[in-house]
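**Q** Pasting a structure here, questions to come.
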Amino acid sequence: MLAEQIVNGLVLGSMYALIALGYTLVFGVLDKLNFAHGDIFMFGGFVGVSVLALGAPLWAGAVAAFVACGVLGLLVELVSFRKFRSHDAQVTAALSSLACSIILIDATQKVWGTEPVALTLATAIRTASITVEGLRVAWVNIGILALTLLLMAALYVLIVRTRMGRNIRAVADSAVAAELLGIDVTRVTQQTFFLASGLAGLAGVMLAVRTGFVTTELGLTFGIKALAVMAIGGMGDLRGAVVGGLLAGLVEAMATQLGLGKFGDMAVWLLMILVLLVRPAGLFGGLRKETRA
Amino acid sequence: MTLRRTTIALGAALAVLGASAAMAQTKPAIKLGAIMPMTGFGATYGDLFYTGIAMGVDDVNAKGGVNGSKIEVKLEDDQLNAQQSVLLFRKLVSDGVFAVIGPVSGTSWENVAPIANSLKTPAVNFTAIKPGVTVKPYALRTAPAADTSVPDGVKEFVRKYPDIKRIVITGDVQEASGAAGIEEFTKAAKANGLTILDTVEYQTRTTDFAPIVAKIRGLNPQAVFSCSLVPTTLPLVKEMETQGFDKPLLDCGLVGAGNFIHAVGSAGKIVHSMGFATNEPDAGNEARAPYVDAYLKRSAATTKLPQPANVSNTNLGYDAVHILAQIMTQKGIDGTTDPAKAREAIKDGLAELKDYRGVSLIRMLPSGDARIINHLLVADWQNKVWKYGLPADQRLKME
């Protein structure tokens, strides 16, 4: 049972990590928090569920969610961040993105209603499982874990090995210096938002496949925890988002297993406080500064 | 001379009648308040419950209103938020309503019931299940609280599954009704000789139920008793389906109302709930079938509720309007009555209420809550309706 809970924790944590990566990417580039990110994740779930309801295959739902959320991310960048680039505008940008978040929730409710919307995917796909040495794992969980790890690896390659990634890193280090070097900062910012929001959209579809439905509450419940995950890992650090996500998932799963389920929801936040007390910059935040120095 | 006198008398009588009719037409309306979640998280509940209330108002007004005054309902939207419920209750009182129907949730009712007394304004709730929070004499709940409904449901569940002896209780300990349901489940399970293997608790904003279901599965129960609102019960049962858990699940009545039945899909095959009414005809209750028909027509025409709408306990909103109308008629209240006097008279009428035969038979208890026999319900997930879990002759009956 303990092994099963570890797997559950890792699957949950991998989804937290995927959303936290989006928060981290944007924070790394702009040094600002995008509060609409959690609800872009929620919106991705609705797009995926709606595309599947039309009879399309799962991959089409995932692609549609990635693109739709990517475009939505561009819109949020335009509305809430483009004009508020200066360091002084952190609060204004955060408030503006919070407004986008609330509008997105309301608009989603207007279109899909306030009730949970069920996923039309063959039950057999969600329930198929494999049992190894008494450990029962649903194929859907294996798929989510594998896909998430693959996406993380792809993101790592993109950031470290490609020109686009180099540009993103350059802007993250110093937007002014990057601009002086001829990098189109606006374009890099747009690319970052598209990527971060697209990943959130994919995470939304994955969660819908895992749970069998979507609701407009997800941004406030699941999405907001990814903020804590980012803080645990270290603001703006991609490795931190991954490690923080997995850690948060494991802590939640173990809390339930140990009979502390009534504290399960706050476990992630307690973990965040604890980590920040010991390492104020998060698990990897300090390392990032040291590397830069 | 006689003819002349008769003519004068007739003319005078006609004049009096005419004046009365004119007065009836011009009498101001009686204002009632309603607090329902019409937007946000619980908007479906608002649509479901307010449809019943609106049917009650139309019905009373079609029969001439109350002592010549029509009833008008001022509807306020609390978004299922207890703080908002309190603010709106105060607002309705300052607007001069004679009584308020609602709010819906247990947490809201727990907060509004004491204020109803301090502001001396009657409040009638018909949806909350947390016991011990109704505060007499101004607050009254015409629905059964969990301390009477859960024992009924468990008793019928045990009748249906006599071989089940080992259970796990699970639920949302953060929400008032969920926590109350867990407590009542614990008492009822013990009273029925069931062994509780463990109580697996979680919180309202729990996002992943895989660890919770894995823990429940590991305990190997024969059934699960669960108490939480729709947004948390739904992922719980979906996860049970994903993990291949196929033992019966008994809900404390929180998902028997609302749209759970429309969203649960095949995961609903293990789900049981409890309630006093379904969309089916109710043997021995002739008022139920016409109400269900009228409700389904009205909800299809005036709401966006998925059809067939889950009629369930919506009739208690309809009945609440009739109860208030009956009291106001008896107390001689109309739209011209001073609100403070009207409220006091309605409070007296509510205190005098014993049995009320509306669409449901409502028996008022000394606690200020109602006793209505609850039954085991099973989810007919394919047809998206709840059905009684036992044949009519095996169901519990009112003593």
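The chains in the structure tokens are called A, B, ... from first to last as shown; in each chain the residues are counted from 1, and the ligands are counted from 1 in the order shown.
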Please identify all residues of chain B having at least one atom at most 10 Å from any atom of chain A, considering only C-alpha atoms, and return them as a PyMOL selection string.
**A** chain B and resi 39-45+171-174+198-218+230-231+234-244+258-260+262-267+304-305
**Q** Excluding stretch 276-285 of chain A and residues on its chain fewer than 2 positions from it, collect all residues at most 8 Å away from it, counting only C-alpha atoms, and give them as a VMD selection string.
**A** chain A and resid 231 to 237 239 to 240 244 272 to 274 287 to 289
**Q** Please provide the set of residues having any atom within 10 Å of stretch 109-121 of chain B, restricted to only C-alpha atoms, with same-chain residues fewer than 5 positions apart removed, written as an NGL selection string.
**A** :B and (82-83 or 85-90 or 92-94 or 96-100 or 102-104 or 126-141 or 176 or 339-340 or 342-344 or 346-347)
**Q** Within stretch 42-220 of chain A, find each residue whose DSSP state, derived from the backbone, is helix (DSSP H, G or I), and express the selection as a VMD selection string.
**A** chain A and resid 42 to 53 58 to 81 87 to 112 123 to 127 139 to 161 163 to 173 175 to 180 185 to 211 218 to 220
**Q** With DSSP run on the backbone, what are the strand (DSSP E or B) residues within stretch 74-236 of chain B? I'd like them as a PyMOL selection string.
**A** chain B and resi 74-77+99-101+123-125+139-141+166-172+195-202+223-227
**Q** Do you have the atom CA of A:Phe41-atom CA of A:Val243 distance handy?
**A** 19.8 Å
**Q** With distances taken over only C-alpha atoms, which of B:Asp369, B:Asp78, B:Asp380, B:Asp348 is nearest to B:Ser273?
**A**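 Result for the nearest residue to B:Ser273: B:Asp380.
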**Q** For A:Thr192, please output as a list in words all residues within 10 Å (counting only C-alpha atoms; exclusion window: fewer than 5 positions along the same chain).
**A** Gly22, Leu25, Val26, Phe27, Gly28, Val29, Leu30, Gly70, Gly73, Leu74, Glu77, Met164, Gly165, Ile168, Thr186, Arg187, Ser197 and Gly198 of chain A
**Q** Which value, in Å to one decimal, gives the distance between atom CA of B:Ala320 and atom CA of B:Ala345?
**A** 16.1 Å
**Q** A:Ala178: which residues within 12 Å, counting only C-alpha atoms, same-chain residues fewer than 5 positions away excluded, as a tab-separated table (two decimals) with N, CA, C and O atoms, in the first residue's frame?
**A**
chain	number	residue	atom	x	y	z
A	29	VAL	N	11.32	34.97	-16.39
A	29	VAL	CA	11.53	35.94	-17.47
A	29	VAL	C	11.13	37.35	-17.05
A	29	VAL	O	11.84	38.32	-17.30
A	166	ARG	N	18.00	29.81	-25.24
A	166	ARG	CA	19.08	30.75	-24.89
A	166	ARG	C	18.52	32.15	-24.71
A	166	ARG	O	18.89	32.88	-23.79
A	167	ASN	N	17.63	32.52	-25.62
A	167	ASN	CA	17.02	33.85	-25.54
A	167	ASN	C	16.21	34.01	-24.25
A	167	ASN	O	16.25	35.05	-23.59
A	168	ILE	N	15.47	32.96	-23.94
A	168	ILE	CA	14.65	33.01	-22.71
A	168	ILE	C	15.58	33.18	-21.50
A	168	ILE	O	15.33	34.01	-20.61
A	169	ARG	N	16.67	32.43	-21.49
A	169	ARG	CA	17.60	32.54	-20.35
A	169	ARG	C	18.24	33.92	-20.29
A	169	ARG	O	18.44	34.49	-19.23
A	170	ALA	N	18.53	34.44	-21.48
A	170	ALA	CA	19.15	35.77	-21.52
A	170	ALA	C	18.22	36.83	-20.96
A	170	ALA	O	18.61	37.68	-20.15
A	171	VAL	N	16.94	36.76	-21.36
A	171	VAL	CA	15.95	37.74	-20.86
A	171	VAL	C	15.74	37.54	-19.36
A	171	VAL	O	15.59	38.51	-18.61
A	172	ALA	N	15.75	36.27	-18.93
A	172	ALA	CA	15.58	36.00	-17.50
A	172	ALA	C	16.72	36.61	-16.69
A	172	ALA	O	16.52	37.13	-15.60
A	173	ASP	N	17.94	36.54	-17.24
A	173	ASP	CA	19.09	37.11	-16.53
A	173	ASP	C	19.01	38.63	-16.49
A	173	ASP	O	19.17	39.25	-15.44
A	183	ILE	N	18.20	40.99	-28.80
A	183	ILE	CA	17.12	40.01	-28.61
A	183	ILE	C	15.79	40.75	-28.51
A	183	ILE	O	15.69	41.77	-27.81
A	184	ASP	N	14.80	40.25	-29.23
A	184	ASP	CA	13.46	40.85	-29.20
A	184	ASP	C	12.76	40.37	-27.91
A	184	ASP	O	12.20	39.26	-27.86
A	185	VAL	N	12.84	41.21	-26.88
A	185	VAL	CA	12.34	40.81	-25.56
A	185	VAL	C	10.83	40.52	-25.59
A	185	VAL	O	10.35	39.56	-24.97
A	186	THR	N	10.09	41.34	-26.33
A	186	THR	CA	8.64	41.12	-26.40
A	186	THR	C	8.34	39.75	-26.99
A	186	THR	O	7.49	39.00	-26.49
A	187	ARG	N	9.06	39.42	-28.03
A	187	ARG	CA	8.82	38.13	-28.67
A	187	ARG	C	9.18	36.98	-27.73
A	187	ARG	O	8.45	35.98	-27.64
A	188	VAL	N	10.30	37.13	-27.03
A	188	VAL	CA	10.71	36.08	-26.09
A	188	VAL	C	9.65	35.93	-24.99
A	188	VAL	O	9.29	34.82	-24.59
A	189	THR	N	9.15	37.07	-24.52
A	189	THR	CA	8.11	37.03	-23.48
A	189	THR	C	6.87	36.30	-24.00
A	189	THR	O	6.27	35.47	-23.30
